[in-house]
$ cat target13.txt   # compact mmCIF, C-alpha atoms and all ligand atoms
# COMPACT_ATOMS: atom_id res chain seq x y z
CA MET A 1 23.56 -5.44 45.15
CA GLN A 2 21.63 -8.74 44.89
CA GLU A 3 19.29 -7.34 47.57
CA VAL A 4 18.42 -4.27 45.48
CA ALA A 5 17.78 -6.48 42.43
CA ALA A 6 15.67 -8.88 44.54
CA LYS A 7 13.44 -6.02 45.74
CA LEU A 8 12.99 -4.71 42.21
CA ILE A 9 12.14 -8.21 40.98
CA THR A 10 9.52 -8.56 43.74
CA ARG A 11 7.91 -5.30 42.60
CA HIS A 12 7.86 -6.64 39.02
CA ARG A 13 6.20 -9.89 40.13
CA GLU A 14 3.31 -7.83 41.59
CA ILE A 15 2.43 -6.85 38.00
CA THR A 16 0.27 -9.81 36.93
CA SER A 17 -1.91 -8.30 34.19
CA PRO A 18 -1.42 -5.78 31.37
CA ARG A 19 -1.48 -2.19 32.56
CA THR A 20 -0.17 1.24 31.66
CA PHE A 21 2.40 3.50 33.28
CA GLU A 22 3.40 7.10 32.80
CA LEU A 23 6.93 8.17 31.95
CA LEU A 24 8.24 11.45 30.52
CA GLY A 25 4.69 12.78 30.28
CA LEU A 26 3.53 9.92 28.05
CA ASP A 27 1.45 6.79 28.68
CA TRP A 28 2.94 3.39 27.94
CA ASP A 29 1.71 -0.20 27.82
CA LEU A 30 3.30 -2.71 30.18
CA LEU A 31 2.89 -6.50 29.93
CA PRO A 32 3.54 -8.84 32.88
CA GLY A 33 7.05 -10.28 32.88
CA VAL A 34 8.57 -7.28 31.09
CA TYR A 35 11.09 -4.89 32.70
CA ALA A 36 9.07 -1.92 34.02
CA PRO A 37 10.90 1.37 33.33
CA HIS A 38 8.80 3.44 35.72
CA LEU A 39 10.23 1.43 38.64
CA SER A 40 13.78 2.68 37.96
CA GLN A 41 15.12 6.22 38.22
CA SER A 42 17.50 5.40 35.37
CA SER A 43 14.76 5.27 32.72
CA ALA A 44 14.15 9.01 32.41
CA LEU A 45 17.91 9.65 32.58
CA TYR A 46 18.77 7.31 29.70
CA ALA A 47 15.88 8.70 27.65
CA GLU A 48 17.36 12.20 27.98
CA TRP A 49 21.03 11.25 27.72
CA LEU A 50 20.93 9.15 24.55
CA PRO A 51 22.33 10.87 21.43
CA TYR A 52 19.53 9.72 19.07
CA PRO A 53 20.94 9.92 15.53
CA LEU A 54 18.68 12.41 13.74
CA HIS A 55 17.53 10.90 10.39
CA GLY A 56 19.77 7.92 11.18
CA SER A 57 19.36 4.31 12.24
CA PHE A 58 19.01 3.22 15.86
CA CYS A 59 19.20 -0.32 17.22
CA GLU A 60 18.07 -1.12 20.75
CA VAL A 61 19.13 -4.46 22.17
CA GLY A 62 16.83 -5.65 24.98
CA SER A 63 14.05 -3.16 24.25
CA GLY A 64 11.70 -4.32 27.04
CA THR A 65 8.57 -2.13 26.85
CA GLY A 66 10.19 -0.31 23.94
CA TYR A 67 9.90 3.15 25.45
CA ILE A 68 13.42 4.08 24.27
CA SER A 69 12.87 2.70 20.77
CA VAL A 70 9.61 4.65 20.49
CA LEU A 71 11.30 7.83 21.75
CA ALA A 72 14.10 7.33 19.21
CA ALA A 73 11.46 7.28 16.47
CA LEU A 74 9.60 10.28 17.94
CA ARG A 75 12.88 12.22 18.21
CA GLY A 76 13.74 11.84 14.55
CA CYS A 77 15.53 8.54 13.87
CA ALA A 78 14.63 7.38 10.37
CA SER A 79 14.61 3.71 11.33
CA VAL A 80 14.59 1.90 14.65
CA THR A 81 15.25 -1.79 15.25
CA ALA A 82 14.14 -3.14 18.64
CA LEU A 83 15.41 -6.58 19.67
CA ASP A 84 14.73 -8.66 22.77
CA LEU A 85 15.18 -12.23 23.94
CA SER A 86 11.76 -12.14 25.57
CA ALA A 87 8.67 -12.69 23.40
CA ALA A 88 6.59 -10.64 25.86
CA ALA A 89 9.03 -7.72 25.55
CA VAL A 90 8.90 -7.83 21.75
CA GLU A 91 5.09 -7.76 21.85
CA ASN A 92 5.22 -4.95 24.44
CA THR A 93 7.52 -2.89 22.20
CA ARG A 94 5.15 -3.43 19.25
CA LEU A 95 2.18 -2.29 21.36
CA ASN A 96 3.96 0.92 22.36
CA ALA A 97 5.08 1.62 18.79
CA VAL A 98 1.42 1.34 17.71
CA ARG A 99 0.24 3.43 20.71
CA HIS A 100 2.57 6.26 19.71
CA GLY A 101 2.02 6.00 15.94
CA VAL A 102 5.58 4.93 15.03
CA ASP A 103 5.01 1.27 14.16
CA GLU A 104 6.17 1.92 10.57
CA VAL A 105 9.52 3.18 11.90
CA VAL A 106 10.09 0.74 14.78
CA HIS A 107 10.81 -2.81 13.64
CA THR A 108 10.77 -5.52 16.30
CA ALA A 109 12.36 -8.96 16.40
CA GLN A 110 12.87 -11.66 19.01
CA GLY A 111 16.22 -13.33 19.62
CA ASP A 112 19.52 -13.42 21.45
CA LEU A 113 21.31 -10.06 21.01
CA PHE A 114 22.01 -9.51 17.27
CA GLU A 115 20.91 -13.00 16.19
CA PRO A 116 17.69 -11.76 14.44
CA LEU A 117 19.75 -9.46 12.16
CA THR A 118 21.35 -10.19 8.81
CA SER A 119 24.92 -9.22 7.94
CA GLU A 120 23.42 -6.31 5.94
CA ASP A 121 21.86 -4.71 9.04
CA ARG A 122 24.03 -1.81 10.23
CA PHE A 123 23.23 1.11 12.49
CA ASP A 124 24.41 4.59 13.39
CA LEU A 125 23.86 3.82 17.07
CA ILE A 126 23.46 0.58 19.04
CA TYR A 127 22.29 0.78 22.65
CA TRP A 128 21.58 -1.74 25.42
CA ASN A 129 20.33 -0.93 28.92
CA SER A 130 21.75 -4.22 30.03
CA ASN A 131 20.85 -6.85 32.62
CA PHE A 132 23.73 -5.54 34.67
CA VAL A 133 23.95 -7.99 37.60
CA GLU A 134 26.19 -11.05 37.21
CA GLY A 135 24.08 -14.02 38.37
CA GLU A 136 21.70 -16.82 37.45
CA PRO A 137 18.20 -15.81 36.25
CA ALA A 138 15.38 -18.05 37.51
CA ASP A 139 13.00 -17.19 34.63
CA ALA A 140 12.43 -14.86 31.66
CA LEU A 141 11.69 -11.85 33.88
CA GLU A 142 14.98 -12.27 35.74
CA ARG A 143 16.84 -12.22 32.43
CA ALA A 144 16.13 -8.50 32.52
CA PHE A 145 18.36 -8.25 35.61
CA PHE A 146 20.95 -11.05 35.51
CA ASP A 147 23.57 -12.08 32.96
CA PRO A 148 25.26 -15.35 33.98
CA GLY A 149 29.04 -14.95 33.72
CA TYR A 150 28.42 -11.71 31.78
CA ALA A 151 28.27 -13.99 28.73
CA ALA A 152 25.71 -11.79 26.96
CA HIS A 153 27.85 -8.71 27.60
CA ALA A 154 30.85 -10.51 26.08
CA ALA A 155 28.77 -11.45 23.02
CA TYR A 156 27.55 -7.84 22.71
CA PHE A 157 31.14 -6.63 22.42
CA ARG A 158 32.12 -9.53 20.16
CA ASP A 159 29.31 -8.99 17.63
CA ALA A 160 28.43 -5.28 17.70
CA ALA A 161 31.14 -4.06 15.30
CA ALA A 162 29.63 -6.13 12.46
CA HIS A 163 26.39 -4.13 12.83
CA LEU A 164 27.77 -0.59 13.05
CA GLU A 165 27.88 1.81 10.13
CA PRO A 166 31.28 3.50 9.61
CA GLY A 167 31.46 6.02 12.47
CA GLY A 168 28.58 4.26 14.24
CA ARG A 169 28.41 4.38 18.03
CA LEU A 170 28.11 1.59 20.60
CA LEU A 171 26.48 2.47 23.95
CA LEU A 172 25.67 0.64 27.15
CA GLY A 173 23.48 1.68 30.09
CA PHE A 174 25.04 0.27 33.28
CA THR A 175 25.00 0.82 37.04
CA ASP A 176 27.27 0.41 40.02
CA LEU A 177 25.10 -2.57 41.02
CA GLY A 178 27.04 -4.42 38.33
CA ASP A 179 30.76 -5.13 37.95
CA GLU A 180 31.83 -2.40 35.54
CA ASN A 181 35.52 -3.34 35.71
CA ARG A 182 34.70 -6.86 34.56
CA VAL A 183 32.52 -5.53 31.73
CA ARG A 184 35.28 -3.10 30.67
CA ALA A 185 37.76 -6.01 30.64
CA LEU A 186 35.40 -8.08 28.46
CA ALA A 187 35.00 -5.13 26.09
CA ALA A 188 38.79 -4.72 25.90
CA GLU A 189 39.12 -8.36 24.78
CA TYR A 190 37.21 -7.34 21.64
CA GLY A 191 39.13 -4.08 21.14
CA TRP A 192 36.71 -1.65 22.80
CA ARG A 193 37.67 1.12 25.20
CA ALA A 194 34.99 2.50 27.55
CA VAL A 195 34.33 6.24 27.56
CA PRO A 196 31.85 7.46 30.20
CA LEU A 197 29.32 9.78 28.53
CA ARG A 198 26.97 10.59 31.41
CA ALA A 199 26.49 9.53 35.03
CA ALA A 200 24.14 10.38 37.89
CA LYS A 201 23.89 9.27 41.51
CA CYS A 202 20.31 8.71 42.62
CA ALA A 203 19.12 8.27 46.20
CA ALA A 204 18.17 4.67 46.96
CA GLU A 205 16.75 2.88 50.00
CA LYS A 206 20.28 2.30 51.28
CA GLY A 207 22.69 4.98 50.08
CA HIS A 208 22.59 5.63 46.37
CA ILE A 209 22.79 3.96 42.97
CA GLU A 210 24.94 5.40 40.21
CA TYR A 211 23.61 5.08 36.68
CA ARG A 212 26.05 5.39 33.81
CA LEU A 213 25.83 5.74 30.07
CA LEU A 214 29.04 4.32 28.60
CA GLU A 215 30.27 4.57 25.04
CA PHE A 216 32.63 1.92 23.67
CA GLN A 217 35.12 3.05 21.04
CA GLN A 218 37.53 0.89 19.04
CA ARG A 219 41.06 1.19 20.41
C1 LIG A 301 17.36 -3.91 32.09
S1 LIG A 301 16.18 -4.49 30.91
C2 LIG A 301 16.01 -3.02 29.92
C3 LIG A 301 14.71 -2.96 29.16
C4 LIG A 301 14.47 -1.65 28.40
N1 LIG A 301 15.50 -1.41 27.43
C5 LIG A 301 14.41 -0.49 29.36
O1 LIG A 301 15.39 0.27 29.44
O2 LIG A 301 13.38 -0.34 30.04
C6 LIG A 301 17.20 -5.56 29.89
C7 LIG A 301 16.46 -6.16 28.69
O3 LIG A 301 17.39 -6.97 27.97
C8 LIG A 301 16.74 -8.17 27.56
N2 LIG A 301 17.78 -9.18 27.35
C9 LIG A 301 18.50 -9.85 28.29
N3 LIG A 301 19.38 -10.68 27.71
C10 LIG A 301 19.21 -10.54 26.37
C11 LIG A 301 19.82 -11.14 25.24
N4 LIG A 301 20.80 -12.05 25.38
N5 LIG A 301 19.41 -10.77 24.01
C12 LIG A 301 18.41 -9.84 23.86
N6 LIG A 301 17.80 -9.24 24.90
C13 LIG A 301 18.19 -9.59 26.14
C14 LIG A 301 15.77 -8.48 28.68
O4 LIG A 301 14.72 -9.34 28.25
C15 LIG A 301 15.28 -7.06 29.05
O5 LIG A 301 14.16 -6.69 28.29
$ encode --input "target13.txt" --output "structure tokens"
Amino acid sequence: MQEVAAKLITRHREITSPRTFELLGLDWDLLPGVYAPHLSQSSALYAEWLPYPLHGSFCEVGSGTGYISVLAALRGCASVTALDLSAAAVENTRLNAVRHGVDEVVHTAQGDLFEPLTSEDRFDLIYWNSNFVEGEPADALERAFFDPGYAAHAAYFRDAAAHLEPGGRLLLGFTDLGDENRVRALAAEYGWRAVPLRAAKCAAEKGHIEYRLLEFQQR
């Protein structure tokens, strides 16, 4: 599991200047140090699986390049809030919102999980394609892969309810490279029950990786 993450991190470190990539038939900006969606088979899956709330509000935690936030706007969300700990990711999301003409719909902010929000900010859907491996990140790029002690996951479950509209939905993109049982147990501590929405096994260098879109519902 660490080996797969290490290989992916090495491929990210080869990206040392701004460039573009193609995903879902569209071109996207990519800044160095930002999680590169075209290097993972999960990116197209999550883009298709997400139940974007039509005319509603969408919040993406950890937006990275912002391709999901931009797609949410293009697919009819009335307002999109894209948050990331990484300043480079926030700038990358802004660039892609401008590139695709949705910068008036996609609002970006930098900070730890929901910290940039006010208590008034509530959403029909909150989503995080999380840094799913439990471990110590060496730098900002590795924060896209590792969550020490799953502390950020715990905080996600602790704080999300305060930012959901009545009937709002809480989603998490996760993989079998992470410890899903541990994450489910953390969620349960804050009253959430995991409901698998979609899953797909993709061929990998050694065996396969399973990508999962999980919904968390209040017990
Ligand atoms: C696996 S990447 C996903 C990026 C993007 N959503 C995508 O699917 O391509 C996880 C993202 O979460 C961000 N992140 C990690 N910890 C965070 C935290 N505590 N608060 C906000 N964002 C965080 C990382 O900087 C990274 O951009």
$ residues_near_ligand --input "target13.txt" --ligand "ligand LIG 301 (chain A)" --cutoff "7 Å" --atoms "all atoms listed in the file" --output "ChimeraX atom specification"
/A:34-37,43,61-68,83-86,89,111-113,128-131,140-141,143-145,147,152
$ closest_residue --input "target13.txt" --among "A:Ala160, A:Thr93, A:Leu23, A:Ala203" --to "A:His107" --atoms "all atoms listed in the file"
A:Thr93
$ residues_near_point --input "target13.txt" --point "(0.4, 3.7, 27.1)" --cutoff "10 Å" --atoms "all atoms listed in the file" --output "list in words"
Arg19, Thr20, Phe21, Glu22, Leu23, Leu26, Asp27, Trp28, Asp29, Leu30, Tyr67, Leu95, Asn96, Ala97, Val98, Arg99 and His100 of chain A
$ atom_distance --input "target13.txt" --atom1 "atom CA of A:Pro18" --atom2 "atom CA of A:Ala88"
10.9 Å
$ closest_residue --input "target13.txt" --among "A:Val90, A:Glu104, A:Ala138, A:His163" --to "A:Thr118" --atoms "all atoms listed in the file"
A:His163
$ atom_distance --input "target13.txt" --atom1 "atom CA of A:Glu210" --atom2 "atom CA of A:Ala161"
27.4 Å
$ closest_residue --input "target13.txt" --among "A:Phe216, A:Tyr190, A:Tyr46, A:Phe58" --to "A:Ala155" --atoms "all atoms listed in the file"
A:Tyr190
$ residues_around --input "target13.txt" --residues "A:Ser79" --least-positions-apart "4" --cutoff "8 Å" --atoms "only C-alpha atoms" --output "short mmCIF file (atom, residue, chain, number, x, y, z; two decimals) with C-alpha atoms, in the coordinates of the input"
data_model
loop_
_atom_site.label_atom_id
_atom_site.label_comp_id
_atom_site.auth_asym_id
_atom_site.auth_seq_id
_atom_site.Cartn_x
_atom_site.Cartn_y
_atom_site.Cartn_z
CA HIS A 55 17.53 10.90 10.39
CA GLY A 56 19.77 7.92 11.18
CA SER A 57 19.36 4.31 12.24
CA PHE A 58 19.01 3.22 15.86
CA ALA A 73 11.46 7.28 16.47
CA VAL A 105 9.52 3.18 11.90
CA VAL A 106 10.09 0.74 14.78
CA HIS A 107 10.81 -2.81 13.64
#
$ residues_near_point --input "target13.txt" --point "(24.3, 13.0, 40.6)" --cutoff "12 Å" --atoms "all atoms listed in the file" --output "MDAnalysis selection string"
chainID A and resid 41:42 45 198:203 208:212
$ residues_around --input "target13.txt" --residues "A:Glu134" --least-positions-apart "3" --cutoff "6 Å" --atoms "all atoms listed in the file" --output "list in words"
Phe146, Asp147, Pro148, Gly149 and Tyr150 of chain A
$ closest_residue --input "target13.txt" --among "A:Ala187, A:Leu117, A:Leu214, A:Ala162" --to "A:Leu50" --atoms "all atoms listed in the file"
A:Leu214
$ closest_residue --input "target13.txt" --among "A:Trp192, A:Phe132, A:Phe174, A:Tyr156" --to "A:Gln2" --atoms "only C-alpha atoms"
A:Phe132
$ atom_distance --input "target13.txt" --atom1 "atom CA of A:Leu54" --atom2 "atom CA of A:Leu171"
16.2 Å
$ build_atoms --input "target13.txt" --residues "stretch 97-120 of chain A" --atoms "N, CA, C and O atoms" --output "CSV table (one decimal), in the coordinates of the input"
chain,number,residue,atom,x,y,z
A,97,ALA,N,4.8,1.0,20.1
A,97,ALA,CA,5.1,1.6,18.8
A,97,ALA,C,3.7,2.0,18.1
A,97,ALA,O,3.6,3.1,17.6
A,98,VAL,N,2.8,1.1,18.3
A,98,VAL,CA,1.4,1.3,17.7
A,98,VAL,C,0.8,2.5,18.5
A,98,VAL,O,0.2,3.4,17.9
A,99,ARG,N,0.8,2.4,19.8
A,99,ARG,CA,0.2,3.4,20.7
A,99,ARG,C,0.7,4.8,20.3
A,99,ARG,O,-0.1,5.8,20.4
A,100,HIS,N,2.0,4.9,20.0
A,100,HIS,CA,2.6,6.3,19.7
A,100,HIS,C,2.7,6.6,18.2
A,100,HIS,O,3.4,7.5,17.8
A,101,GLY,N,2.1,5.7,17.4
A,101,GLY,CA,2.0,6.0,15.9
A,101,GLY,C,3.3,5.9,15.2
A,101,GLY,O,3.5,6.5,14.1
A,102,VAL,N,4.3,5.1,15.7
A,102,VAL,CA,5.6,4.9,15.0
A,102,VAL,C,5.9,3.5,14.6
A,102,VAL,O,7.0,3.1,14.5
A,103,ASP,N,4.8,2.7,14.5
A,103,ASP,CA,5.0,1.3,14.2
A,103,ASP,C,5.6,1.1,12.7
A,103,ASP,O,6.1,0.0,12.4
A,104,GLU,N,5.5,2.1,11.9
A,104,GLU,CA,6.2,1.9,10.6
A,104,GLU,C,7.7,2.2,10.6
A,104,GLU,O,8.4,1.9,9.7
A,105,VAL,N,8.1,2.8,11.7
A,105,VAL,CA,9.5,3.2,11.9
A,105,VAL,C,10.2,2.2,12.8
A,105,VAL,O,11.4,1.8,12.6
A,106,VAL,N,9.5,1.7,13.8
A,106,VAL,CA,10.1,0.7,14.8
A,106,VAL,C,9.8,-0.7,14.4
A,106,VAL,O,8.7,-1.2,14.3
A,107,HIS,N,10.9,-1.4,14.0
A,107,HIS,CA,10.8,-2.8,13.6
A,107,HIS,C,11.3,-3.7,14.8
A,107,HIS,O,12.3,-3.4,15.4
A,108,THR,N,10.5,-4.7,15.1
A,108,THR,CA,10.8,-5.5,16.3
A,108,THR,C,11.2,-6.9,15.9
A,108,THR,O,10.7,-7.4,14.8
A,109,ALA,N,12.0,-7.6,16.7
A,109,ALA,CA,12.4,-9.0,16.4
A,109,ALA,C,12.8,-9.6,17.7
A,109,ALA,O,13.4,-9.0,18.6
A,110,GLN,N,12.5,-10.9,17.8
A,110,GLN,CA,12.9,-11.7,19.0
A,110,GLN,C,14.1,-12.5,18.8
A,110,GLN,O,14.3,-13.1,17.7
A,111,GLY,N,15.0,-12.5,19.7
A,111,GLY,CA,16.2,-13.3,19.6
A,111,GLY,C,17.3,-12.9,20.6
A,111,GLY,O,17.2,-11.9,21.3
A,112,ASP,N,18.4,-13.7,20.6
A,112,ASP,CA,19.5,-13.4,21.4
A,112,ASP,C,20.4,-12.3,20.8
A,112,ASP,O,21.0,-12.5,19.7
A,113,LEU,N,20.5,-11.2,21.5
A,113,LEU,CA,21.3,-10.1,21.0
A,113,LEU,C,21.1,-9.8,19.5
A,113,LEU,O,20.0,-9.5,19.2
A,114,PHE,N,22.1,-9.9,18.7
A,114,PHE,CA,22.0,-9.5,17.3
A,114,PHE,C,21.6,-10.7,16.4
A,114,PHE,O,21.5,-10.5,15.1
A,115,GLU,N,21.2,-11.8,17.0
A,115,GLU,CA,20.9,-13.0,16.2
A,115,GLU,C,19.8,-12.8,15.2
A,115,GLU,O,19.8,-13.3,14.1
A,116,PRO,N,18.7,-11.9,15.5
A,116,PRO,CA,17.7,-11.8,14.4
A,116,PRO,C,18.1,-10.9,13.2
A,116,PRO,O,17.4,-10.9,12.2
A,117,LEU,N,19.3,-10.3,13.3
A,117,LEU,CA,19.8,-9.5,12.2
A,117,LEU,C,20.4,-10.2,11.1
A,117,LEU,O,20.9,-11.3,11.3
A,118,THR,N,20.5,-9.6,9.9
A,118,THR,CA,21.4,-10.2,8.8
A,118,THR,C,22.7,-9.4,8.8
A,118,THR,O,22.8,-8.4,9.4
A,119,SER,N,23.6,-9.9,8.0
A,119,SER,CA,24.9,-9.2,7.9
A,119,SER,C,24.8,-7.8,7.3
A,119,SER,O,25.7,-7.0,7.4
A,120,GLU,N,23.7,-7.6,6.6
A,120,GLU,CA,23.4,-6.3,5.9
A,120,GLU,C,23.0,-5.2,6.9
A,120,GLU,O,23.0,-4.1,6.6
